[in-house]
>>> print(open('input17.pdb').read())   # PDB, C-alpha atoms
ATOM      1  CA  MET A  46      95.605  83.149 116.307
ATOM      2  CA  LYS A  47      94.088  85.679 113.935
ATOM      3  CA  ARG A  48      95.823  85.770 110.581
ATOM      4  CA  ILE A  49      95.557  88.985 108.586
ATOM      5  CA  LEU A  50      96.980  89.328 105.077
ATOM      6  CA  LEU A  51      97.559  92.774 103.579
ATOM      7  CA  ALA A  52      98.349  93.249  99.907
ATOM      8  CA  CYS A  53      99.260  96.202  97.722
ATOM      9  CA  SER A  54     101.015  96.542  94.374
ATOM     10  CA  ALA A  55     104.551  96.159  95.691
ATOM     11  CA  GLY A  56     103.802  95.223  99.287
ATOM     12  CA  MET A  57     105.657  98.320 100.419
ATOM     13  CA  SER A  58     103.100 100.697 101.921
ATOM     14  CA  THR A  59     101.248  97.800 103.511
ATOM     15  CA  SER A  60     104.488  96.536 105.097
ATOM     16  CA  LEU A  61     104.572  99.788 107.021
ATOM     17  CA  LEU A  62     100.931  99.358 107.952
ATOM     18  CA  VAL A  63     101.759  95.886 109.281
ATOM     19  CA  THR A  64     104.265  97.431 111.701
ATOM     20  CA  LYS A  65     101.663  99.975 112.846
ATOM     21  CA  MET A  66      99.020  97.280 113.307
ATOM     22  CA  GLN A  67     101.375  95.020 115.246
ATOM     23  CA  GLU A  68     102.286  97.904 117.556
ATOM     24  CA  TYR A  69      98.590  98.405 118.264
ATOM     25  CA  VAL A  70      97.862  94.695 118.738
ATOM     26  CA  LYS A  71     100.731  94.463 121.241
ATOM     27  CA  SER A  72      99.534  97.574 123.087
ATOM     28  CA  ILE A  73      96.127  96.004 123.779
ATOM     29  CA  GLY A  74      97.680  92.685 124.804
ATOM     30  CA  GLU A  75      96.357  90.670 121.871
ATOM     31  CA  GLU A  76      98.202  88.480 119.415
ATOM     32  CA  ALA A  77      97.839  88.303 115.652
ATOM     33  CA  GLU A  78      99.809  87.191 112.661
ATOM     34  CA  ILE A  79      99.874  90.081 110.191
ATOM     35  CA  TRP A  80     101.917  90.181 107.010
ATOM     36  CA  ALA A  81     102.086  92.043 103.694
ATOM     37  CA  VAL A  82     102.665  90.828 100.142
ATOM     38  CA  GLY A  83     102.732  92.291  96.625
ATOM     39  CA  GLN A  84      99.662  91.924  94.420
ATOM     40  CA  ASP A  85     100.969  88.892  92.524
ATOM     41  CA  GLN A  86     101.447  86.950  95.756
ATOM     42  CA  ALA A  87      98.025  87.716  97.223
ATOM     43  CA  LYS A  88      96.198  84.762  95.661
ATOM     44  CA  LYS A  89      98.891  82.313  96.690
ATOM     45  CA  GLU A  90      99.074  83.529 100.280
ATOM     46  CA  MET A  91      95.383  83.853 101.049
ATOM     47  CA  GLU A  92      94.945  80.185 101.958
ATOM     48  CA  ASN A  93      96.995  80.929 105.076
ATOM     49  CA  ALA A  94      94.855  83.904 106.098
ATOM     50  CA  ASP A  95      91.555  84.531 107.909
ATOM     51  CA  VAL A  96      90.988  87.847 106.132
ATOM     52  CA  VAL A  97      92.556  89.796 103.251
ATOM     53  CA  LEU A  98      92.803  93.583 103.071
ATOM     54  CA  ILE A  99      94.060  95.262  99.904
ATOM     55  CA  GLY A 100      95.497  98.692  99.143
ATOM     56  CA  PRO A 101      93.560 101.292  97.105
ATOM     57  CA  GLN A 102      95.914 100.864  94.144
ATOM     58  CA  MET A 103      94.625  97.355  93.579
ATOM     59  CA  SER A 104      90.955  97.816  94.415
ATOM     60  CA  PHE A 105      90.196  96.892  90.781
ATOM     61  CA  LEU A 106      91.313  93.358  91.684
ATOM     62  CA  LYS A 107      88.823  93.020  94.551
ATOM     63  CA  GLY A 108      86.282  91.003  92.555
ATOM     64  CA  GLU A 109      88.893  88.604  91.248
ATOM     65  CA  LEU A 110      90.406  88.096  94.703
ATOM     66  CA  GLN A 111      86.991  87.675  96.306
ATOM     67  CA  LYS A 112      86.255  84.822  93.921
ATOM     68  CA  GLU A 113      89.453  83.088  94.981
ATOM     69  CA  ALA A 114      88.784  83.839  98.668
ATOM     70  CA  GLN A 115      85.408  82.091  98.511
ATOM     71  CA  LYS A 116      87.303  78.800  98.235
ATOM     72  CA  TYR A 117      88.695  79.416 101.710
ATOM     73  CA  GLY A 118      85.559  81.058 103.093
ATOM     74  CA  ILE A 119      87.296  84.322 103.892
ATOM     75  CA  GLN A 120      86.539  87.994 103.161
ATOM     76  CA  VAL A 121      88.456  90.427 100.953
ATOM     77  CA  ASP A 122      88.027  94.177 101.208
ATOM     78  CA  VAL A 123      89.795  97.418 100.323
ATOM     79  CA  ILE A 124      91.480  99.132 103.283
ATOM     80  CA  ASP A 125      89.346 102.025 104.551
ATOM     81  CA  MET A 126      90.577 105.193 102.818
ATOM     82  CA  VAL A 127      90.818 107.397 105.885
ATOM     83  CA  ALA A 128      92.636 104.681 107.824
ATOM     84  CA  TYR A 129      95.024 104.128 104.930
ATOM     85  CA  GLY A 130      95.762 107.833 104.378
ATOM     86  CA  MET A 131      96.557 108.322 108.047
ATOM     87  CA  ALA A 132      98.507 105.014 108.231
ATOM     88  CA  ASP A 133      96.238 104.199 111.200
ATOM     89  CA  GLY A 134      97.132 100.700 112.436
ATOM     90  CA  LYS A 135      94.316 100.605 115.001
ATOM     91  CA  LYS A 136      91.583 101.363 112.469
ATOM     92  CA  VAL A 137      92.895  98.864 109.911
ATOM     93  CA  TYR A 138      93.120  96.153 112.595
ATOM     94  CA  GLU A 139      89.544  96.889 113.692
ATOM     95  CA  GLN A 140      88.407  96.700 110.071
ATOM     96  CA  ALA A 141      90.070  93.285 109.767
ATOM     97  CA  LEU A 142      88.355  92.018 112.942
ATOM     98  CA  LYS A 143      84.970  93.180 111.704
ATOM     99  CA  LEU A 144      85.444  91.375 108.391
ATOM    100  CA  MET A 145      86.442  88.187 110.203
ATOM    101  CA  GLU A 146      83.198  88.301 112.200
ATOM    102  CA  GLU A 147      81.214  88.562 108.968
ATOM    103  CA  LYS A 148      82.545  85.411 107.403
TER
ATOM    104  CA  MET B  31      87.522 116.538  95.722
ATOM    105  CA  GLU B  32      88.849 117.497  99.139
ATOM    106  CA  LYS B  33      92.210 119.220  99.354
ATOM    107  CA  VAL B  34      94.827 117.691 101.643
ATOM    108  CA  ASP B  35      96.803 120.085 103.844
ATOM    109  CA  ILE B  36     100.249 118.600 104.394
ATOM    110  CA  HIS B  37     100.886 120.750 107.465
ATOM    111  CA  GLN B  38      98.430 118.608 109.415
ATOM    112  CA  LEU B  39     100.266 115.379 108.557
ATOM    113  CA  THR B  40     103.465 113.526 109.442
ATOM    114  CA  ASN B  41     105.918 112.729 106.615
ATOM    115  CA  GLU B  42     104.696 109.153 106.655
ATOM    116  CA  GLN B  43     101.055 110.210 106.383
ATOM    117  CA  ILE B  44     101.943 112.550 103.506
ATOM    118  CA  ALA B  45     103.410 109.592 101.595
ATOM    119  CA  PHE B  46     100.358 107.464 102.408
ATOM    120  CA  HIS B  47      98.017 110.185 101.140
ATOM    121  CA  ILE B  48      99.941 110.361  97.854
ATOM    122  CA  ILE B  49      99.761 106.567  97.462
ATOM    123  CA  LEU B  50      96.062 106.531  98.430
ATOM    124  CA  HIS B  51      94.956 109.067  95.830
ATOM    125  CA  SER B  52      97.208 107.931  92.988
ATOM    126  CA  GLY B  53      96.238 104.361  93.924
ATOM    127  CA  ASN B  54      92.539 105.194  93.645
ATOM    128  CA  ALA B  55      93.293 106.764  90.258
ATOM    129  CA  ARG B  56      95.186 103.667  89.110
ATOM    130  CA  SER B  57      92.268 101.409  89.996
ATOM    131  CA  LYS B  58      89.798 103.669  88.222
ATOM    132  CA  ILE B  59      91.949 103.733  85.077
ATOM    133  CA  VAL B  60      92.007  99.934  84.895
ATOM    134  CA  GLN B  61      88.261  99.824  85.578
ATOM    135  CA  ALA B  62      87.738 102.367  82.775
ATOM    136  CA  ILE B  63      89.325 100.003  80.247
ATOM    137  CA  ARG B  64      87.237  97.097  81.550
ATOM    138  CA  GLU B  65      84.017  99.141  81.278
ATOM    139  CA  TYR B  66      84.948 100.142  77.730
ATOM    140  CA  ARG B  67      85.523  96.500  76.835
ATOM    141  CA  SER B  68      82.073  95.595  78.075
ATOM    142  CA  GLY B  69      80.524  98.396  75.991
ATOM    143  CA  GLN B  70      79.925 100.841  78.841
ATOM    144  CA  ILE B  71      81.578 103.809  77.139
ATOM    145  CA  GLU B  72      79.966 106.553  79.234
ATOM    146  CA  GLU B  73      80.862 104.744  82.452
ATOM    147  CA  SER B  74      84.405 104.391  81.161
ATOM    148  CA  GLU B  75      84.637 108.137  80.495
ATOM    149  CA  ARG B  76      83.227 108.905  83.933
ATOM    150  CA  LEU B  77      85.896 106.710  85.550
ATOM    151  CA  ILE B  78      88.675 108.510  83.654
ATOM    152  CA  GLU B  79      87.299 111.844  84.916
ATOM    153  CA  GLU B  80      87.258 110.516  88.484
ATOM    154  CA  ALA B  81      90.810 109.205  88.041
ATOM    155  CA  GLU B  82      91.889 112.680  86.945
ATOM    156  CA  GLN B  83      90.338 114.200  90.073
ATOM    157  CA  GLU B  84      92.130 111.663  92.296
ATOM    158  CA  LEU B  85      95.393 112.319  90.489
ATOM    159  CA  GLY B  86      94.778 116.036  90.992
ATOM    160  CA  VAL B  87      94.703 115.504  94.772
ATOM    161  CA  ALA B  88      97.874 113.356  94.713
ATOM    162  CA  HIS B  89      99.625 115.888  92.516
ATOM    163  CA  ASP B  90      98.580 118.729  94.802
ATOM    164  CA  VAL B  91     100.173 117.012  97.819
ATOM    165  CA  HIS B  92     103.333 116.490  95.748
ATOM    166  CA  PHE B  93     103.204 120.164  94.697
ATOM    167  CA  GLN B  94     102.890 121.339  98.313
ATOM    168  CA  LEU B  95     106.085 119.389  99.100
ATOM    169  CA  ILE B  96     107.852 121.098  96.186
ATOM    170  CA  GLN B  97     106.668 124.516  97.379
ATOM    171  CA  LYS B  98     107.814 123.760 100.909
ATOM    172  CA  GLU B  99     111.241 122.798  99.564
ATOM    173  CA  ALA B 100     111.386 125.956  97.434
ATOM    174  CA  SER B 101     110.707 128.032 100.536
ATOM    175  CA  GLY B 102     113.807 126.551 102.182
ATOM    176  CA  LYS B 103     112.147 123.700 104.107
ATOM    177  CA  PRO B 104     113.117 120.486 102.292
ATOM    178  CA  THR B 105     111.389 117.229 103.198
ATOM    179  CA  THR B 106     113.438 114.302 104.473
ATOM    180  CA  ILE B 107     113.619 111.801 101.640
ATOM    181  CA  THR B 108     112.617 108.269 102.598
ATOM    182  CA  LEU B 109     112.187 105.164 100.476
ATOM    183  CA  LEU B 110     108.447 105.383 101.216
ATOM    184  CA  LEU B 111     108.241 108.925  99.818
ATOM    185  CA  MET B 112     110.186 107.866  96.714
ATOM    186  CA  HIS B 113     107.750 104.990  96.306
ATOM    187  CA  ALA B 114     104.819 107.415  96.622
ATOM    188  CA  GLU B 115     106.329 109.749  94.010
ATOM    189  CA  ASP B 116     106.854 106.798  91.714
ATOM    190  CA  HIS B 117     103.174 105.914  92.124
ATOM    191  CA  VAL B 118     102.064 109.394  91.041
ATOM    192  CA  MET B 119     104.355 109.603  88.040
ATOM    193  CA  SER B 120     103.621 106.107  86.726
ATOM    194  CA  THR B 121      99.882 106.612  87.198
ATOM    195  CA  LEU B 122     100.041 109.981  85.370
ATOM    196  CA  ALA B 123     101.757 108.254  82.441
ATOM    197  CA  MET B 124      99.264 105.394  82.563
ATOM    198  CA  LYS B 125      96.320 107.809  82.527
ATOM    199  CA  GLU B 126      97.660 109.675  79.458
ATOM    200  CA  ILE B 127      98.171 106.454  77.518
ATOM    201  CA  VAL B 128      94.792 104.971  78.454
ATOM    202  CA  LYS B 129      92.976 108.216  77.659
ATOM    203  CA  GLU B 130      94.562 108.333  74.192
ATOM    204  CA  MET B 131      93.892 104.651  73.661
ATOM    205  CA  LEU B 132      90.202 104.953  74.564
ATOM    206  CA  ALA B 133      89.824 108.019  72.311
ATOM    207  CA  LEU B 134      91.432 106.095  69.448
ATOM    208  CA  LEU B 135      89.178 103.062  69.954
ATOM    209  CA  LYS B 136      86.123 105.305  70.089
ATOM    210  CA  GLU B 137      87.105 107.092  66.845
ATOM    211  CA  ARG B 138      87.513 103.755  65.090
ATOM    212  CA  ASN B 139      84.258 102.449  66.544
ATOM    213  CA  ILE B 140      85.982  99.521  68.191
TER
END
>>> encode(input="input17.pdb", output="structure tokens")
Amino acid sequence: MKRILLACSAGMSTSLLVTKMQEYVKSIGEEAEIWAVGQDQAKKEMENADVVLIGPQMSFLKGELQKEAQKYGIQVDVIDMVAYGMADGKKVYEQALKLMEEK
Amino acid sequence: MEKVDIHQLTNEQIAFHIILHSGNARSKIVQAIREYRSGQIEESERLIEEAEQELGVAHDVHFQLIQKEASGKPTTITLLLMHAEDHVMSTLAMKEIVKEMLALLKERNI
């Protein structure tokens, strides 16, 4: 099963995105484990994930997280701005899939 | 920077737009300090300017909500909207402090 970790400063906005993404995943008959954490938890949780997407408010941590993610051979990226602004679960899920293919 | 029209958005999307733009600003403010530390003073100043533009967009969305309320159409308050408002206000405060701090360091040639 695909495992997607979202992280933002408090894990609040991304929790809502998780719900939107899960609704989309269900609607297309796929299955994925998607969860959100606050920025301090991101490093600890990433070993359980296949990809990590972070909120715009912590994009300055991307480099640091990427370094950590290399240990697990996974990708870290900032959530696409348009997708984030519109709270678009489909677009964020598709972004996650694309990143997983790149690893 | 593009202006966001709240009439095209749901309440949830309005909150997400506020978090997006103040979040971009927050990241740029932290990056500005890091650039300053590595001696890239012009880059640091450019990032603060960009942060101010991002904050301008977030503040404008917030202001449209205030205007809507003043015209008799209050917005339903959700925890998400409160969280978004908190983002804007804390990032505004952060920007003021960092801007003063960088100016002080520059004056003292640090």
>>> resolve_selection(input="input17.pdb", expression="the PyMOL selection byres ((chain B) within 7 of (chain A))", output="ChimeraX atom specification")
/B:43,46-47,50,53-54,56-57,60-61
>>> closest_residue(input="input17.pdb", among="B:Ile71, B:Leu95, B:Ala114, B:Leu132", to="Ser52 of chain B", atoms="only C-alpha atoms")
B:Ala114
>>> residues_around(input="input17.pdb", residues="Asp122 of chain A", least_positions_apart="4", cutoff="10 Å", atoms="all atoms listed in the file", output="MDAnalysis selection string")
chainID A and resid 51 96:101 104 107:108 110:111 140:141 144
>>> resolve_selection(input="input17.pdb", expression="the PyMOL selection byres ((chain A and resi 65) around 10)", output="ChimeraX atom specification")
/A:59-64,66-70,132-135,137-138
>>> closest_residue(input="input17.pdb", among="A:Glu139, A:Glu78, A:Asp125, A:Glu113", to="Asp95 of chain A", atoms="only C-alpha atoms")
A:Glu78
>>> closest_residue(input="input17.pdb", among="B:Ala100, B:Val91, B:Val128, B:Leu77", to="Ile36 of chain B", atoms="all atoms listed in the file")
B:Val91
>>> residues_around(input="input17.pdb", residues="Ala62 of chain B", least_positions_apart="3", cutoff="12 Å", atoms="all atoms listed in the file", output="count of residues only")
30
>>> decode(input="input17.pdb", residues="segment 98-122 of chain A", atoms="N, CA and C atoms", output="PDB file, in the first residue's frame")
ATOM      1  N   LEU A  98       5.232  15.043   1.755  1.00  0.00           N
ATOM      2  CA  LEU A  98       4.850  16.339   1.190  1.00  0.00           C
ATOM      3  C   LEU A  98       4.701  17.326   2.338  1.00  0.00           C
ATOM      4  N   ILE A  99       5.280  18.526   2.166  1.00  0.00           N
ATOM      5  CA  ILE A  99       5.224  19.499   3.265  1.00  0.00           C
ATOM      6  C   ILE A  99       4.459  20.761   2.868  1.00  0.00           C
ATOM      7  N   GLY A 100       3.906  21.423   3.880  1.00  0.00           N
ATOM      8  CA  GLY A 100       3.141  22.650   3.650  1.00  0.00           C
ATOM      9  C   GLY A 100       4.057  23.825   3.332  1.00  0.00           C
ATOM     10  N   PRO A 101       3.511  24.887   2.712  1.00  0.00           N
ATOM     11  CA  PRO A 101       4.330  26.037   2.317  1.00  0.00           C
ATOM     12  C   PRO A 101       5.003  26.731   3.504  1.00  0.00           C
ATOM     13  N   GLN A 102       4.374  26.634   4.682  1.00  0.00           N
ATOM     14  CA  GLN A 102       4.928  27.324   5.849  1.00  0.00           C
ATOM     15  C   GLN A 102       6.203  26.671   6.373  1.00  0.00           C
ATOM     16  N   MET A 103       6.521  25.495   5.868  1.00  0.00           N
ATOM     17  CA  MET A 103       7.781  24.882   6.295  1.00  0.00           C
ATOM     18  C   MET A 103       8.671  24.523   5.098  1.00  0.00           C
ATOM     19  N   SER A 104       8.467  25.238   3.994  1.00  0.00           N
ATOM     20  CA  SER A 104       9.293  24.934   2.817  1.00  0.00           C
ATOM     21  C   SER A 104      10.771  25.216   3.095  1.00  0.00           C
ATOM     22  N   PHE A 105      11.057  26.093   4.078  1.00  0.00           N
ATOM     23  CA  PHE A 105      12.464  26.360   4.413  1.00  0.00           C
ATOM     24  C   PHE A 105      13.152  25.146   5.034  1.00  0.00           C
ATOM     25  N   LEU A 106      12.363  24.139   5.417  1.00  0.00           N
ATOM     26  CA  LEU A 106      12.939  22.923   6.000  1.00  0.00           C
ATOM     27  C   LEU A 106      13.156  21.817   4.962  1.00  0.00           C
ATOM     28  N   LYS A 107      12.810  22.124   3.704  1.00  0.00           N
ATOM     29  CA  LYS A 107      12.856  21.080   2.664  1.00  0.00           C
ATOM     30  C   LYS A 107      14.239  20.428   2.567  1.00  0.00           C
ATOM     31  N   GLY A 108      15.278  21.261   2.514  1.00  0.00           N
ATOM     32  CA  GLY A 108      16.638  20.743   2.370  1.00  0.00           C
ATOM     33  C   GLY A 108      17.011  19.792   3.499  1.00  0.00           C
ATOM     34  N   GLU A 109      16.706  20.235   4.698  1.00  0.00           N
ATOM     35  CA  GLU A 109      17.014  19.454   5.902  1.00  0.00           C
ATOM     36  C   GLU A 109      16.276  18.110   5.887  1.00  0.00           C
ATOM     37  N   LEU A 110      14.994  18.164   5.511  1.00  0.00           N
ATOM     38  CA  LEU A 110      14.188  16.942   5.470  1.00  0.00           C
ATOM     39  C   LEU A 110      14.642  16.009   4.353  1.00  0.00           C
ATOM     40  N   GLN A 111      15.048  16.623   3.229  1.00  0.00           N
ATOM     41  CA  GLN A 111      15.498  15.817   2.088  1.00  0.00           C
ATOM     42  C   GLN A 111      16.721  14.980   2.470  1.00  0.00           C
ATOM     43  N   LYS A 112      17.598  15.621   3.241  1.00  0.00           N
ATOM     44  CA  LYS A 112      18.819  14.950   3.696  1.00  0.00           C
ATOM     45  C   LYS A 112      18.454  13.700   4.508  1.00  0.00           C
ATOM     46  N   GLU A 113      17.510  13.877   5.399  1.00  0.00           N
ATOM     47  CA  GLU A 113      17.041  12.779   6.241  1.00  0.00           C
ATOM     48  C   GLU A 113      16.361  11.703   5.382  1.00  0.00           C
ATOM     49  N   ALA A 114      15.575  12.168   4.390  1.00  0.00           N
ATOM     50  CA  ALA A 114      14.800  11.247   3.551  1.00  0.00           C
ATOM     51  C   ALA A 114      15.687  10.365   2.674  1.00  0.00           C
ATOM     52  N   GLN A 115      16.892  10.870   2.375  1.00  0.00           N
ATOM     53  CA  GLN A 115      17.822  10.084   1.556  1.00  0.00           C
ATOM     54  C   GLN A 115      18.147   8.745   2.209  1.00  0.00           C
ATOM     55  N   LYS A 116      18.161   8.740   3.541  1.00  0.00           N
ATOM     56  CA  LYS A 116      18.433   7.502   4.286  1.00  0.00           C
ATOM     57  C   LYS A 116      17.430   6.414   3.932  1.00  0.00           C
ATOM     58  N   TYR A 117      16.194   6.853   3.658  1.00  0.00           N
ATOM     59  CA  TYR A 117      15.122   5.891   3.374  1.00  0.00           C
ATOM     60  C   TYR A 117      14.840   5.790   1.879  1.00  0.00           C
ATOM     61  N   GLY A 118      15.581   6.568   1.087  1.00  0.00           N
ATOM     62  CA  GLY A 118      15.390   6.549  -0.359  1.00  0.00           C
ATOM     63  C   GLY A 118      14.035   7.072  -0.811  1.00  0.00           C
ATOM     64  N   ILE A 119      13.535   8.067  -0.089  1.00  0.00           N
ATOM     65  CA  ILE A 119      12.237   8.634  -0.492  1.00  0.00           C
ATOM     66  C   ILE A 119      12.383  10.122  -0.824  1.00  0.00           C
ATOM     67  N   GLN A 120      11.345  10.661  -1.497  1.00  0.00           N
ATOM     68  CA  GLN A 120      11.367  12.064  -1.930  1.00  0.00           C
ATOM     69  C   GLN A 120      10.610  12.962  -0.964  1.00  0.00           C
ATOM     70  N   VAL A 121      11.088  14.215  -0.867  1.00  0.00           N
ATOM     71  CA  VAL A 121      10.373  15.238  -0.084  1.00  0.00           C
ATOM     72  C   VAL A 121      10.119  16.416  -1.011  1.00  0.00           C
ATOM     73  N   ASP A 122       8.906  16.916  -1.022  1.00  0.00           N
ATOM     74  CA  ASP A 122       8.651  18.136  -1.802  1.00  0.00           C
ATOM     75  C   ASP A 122       7.597  18.989  -1.117  1.00  0.00           C
TER      76      ASP A 122
END
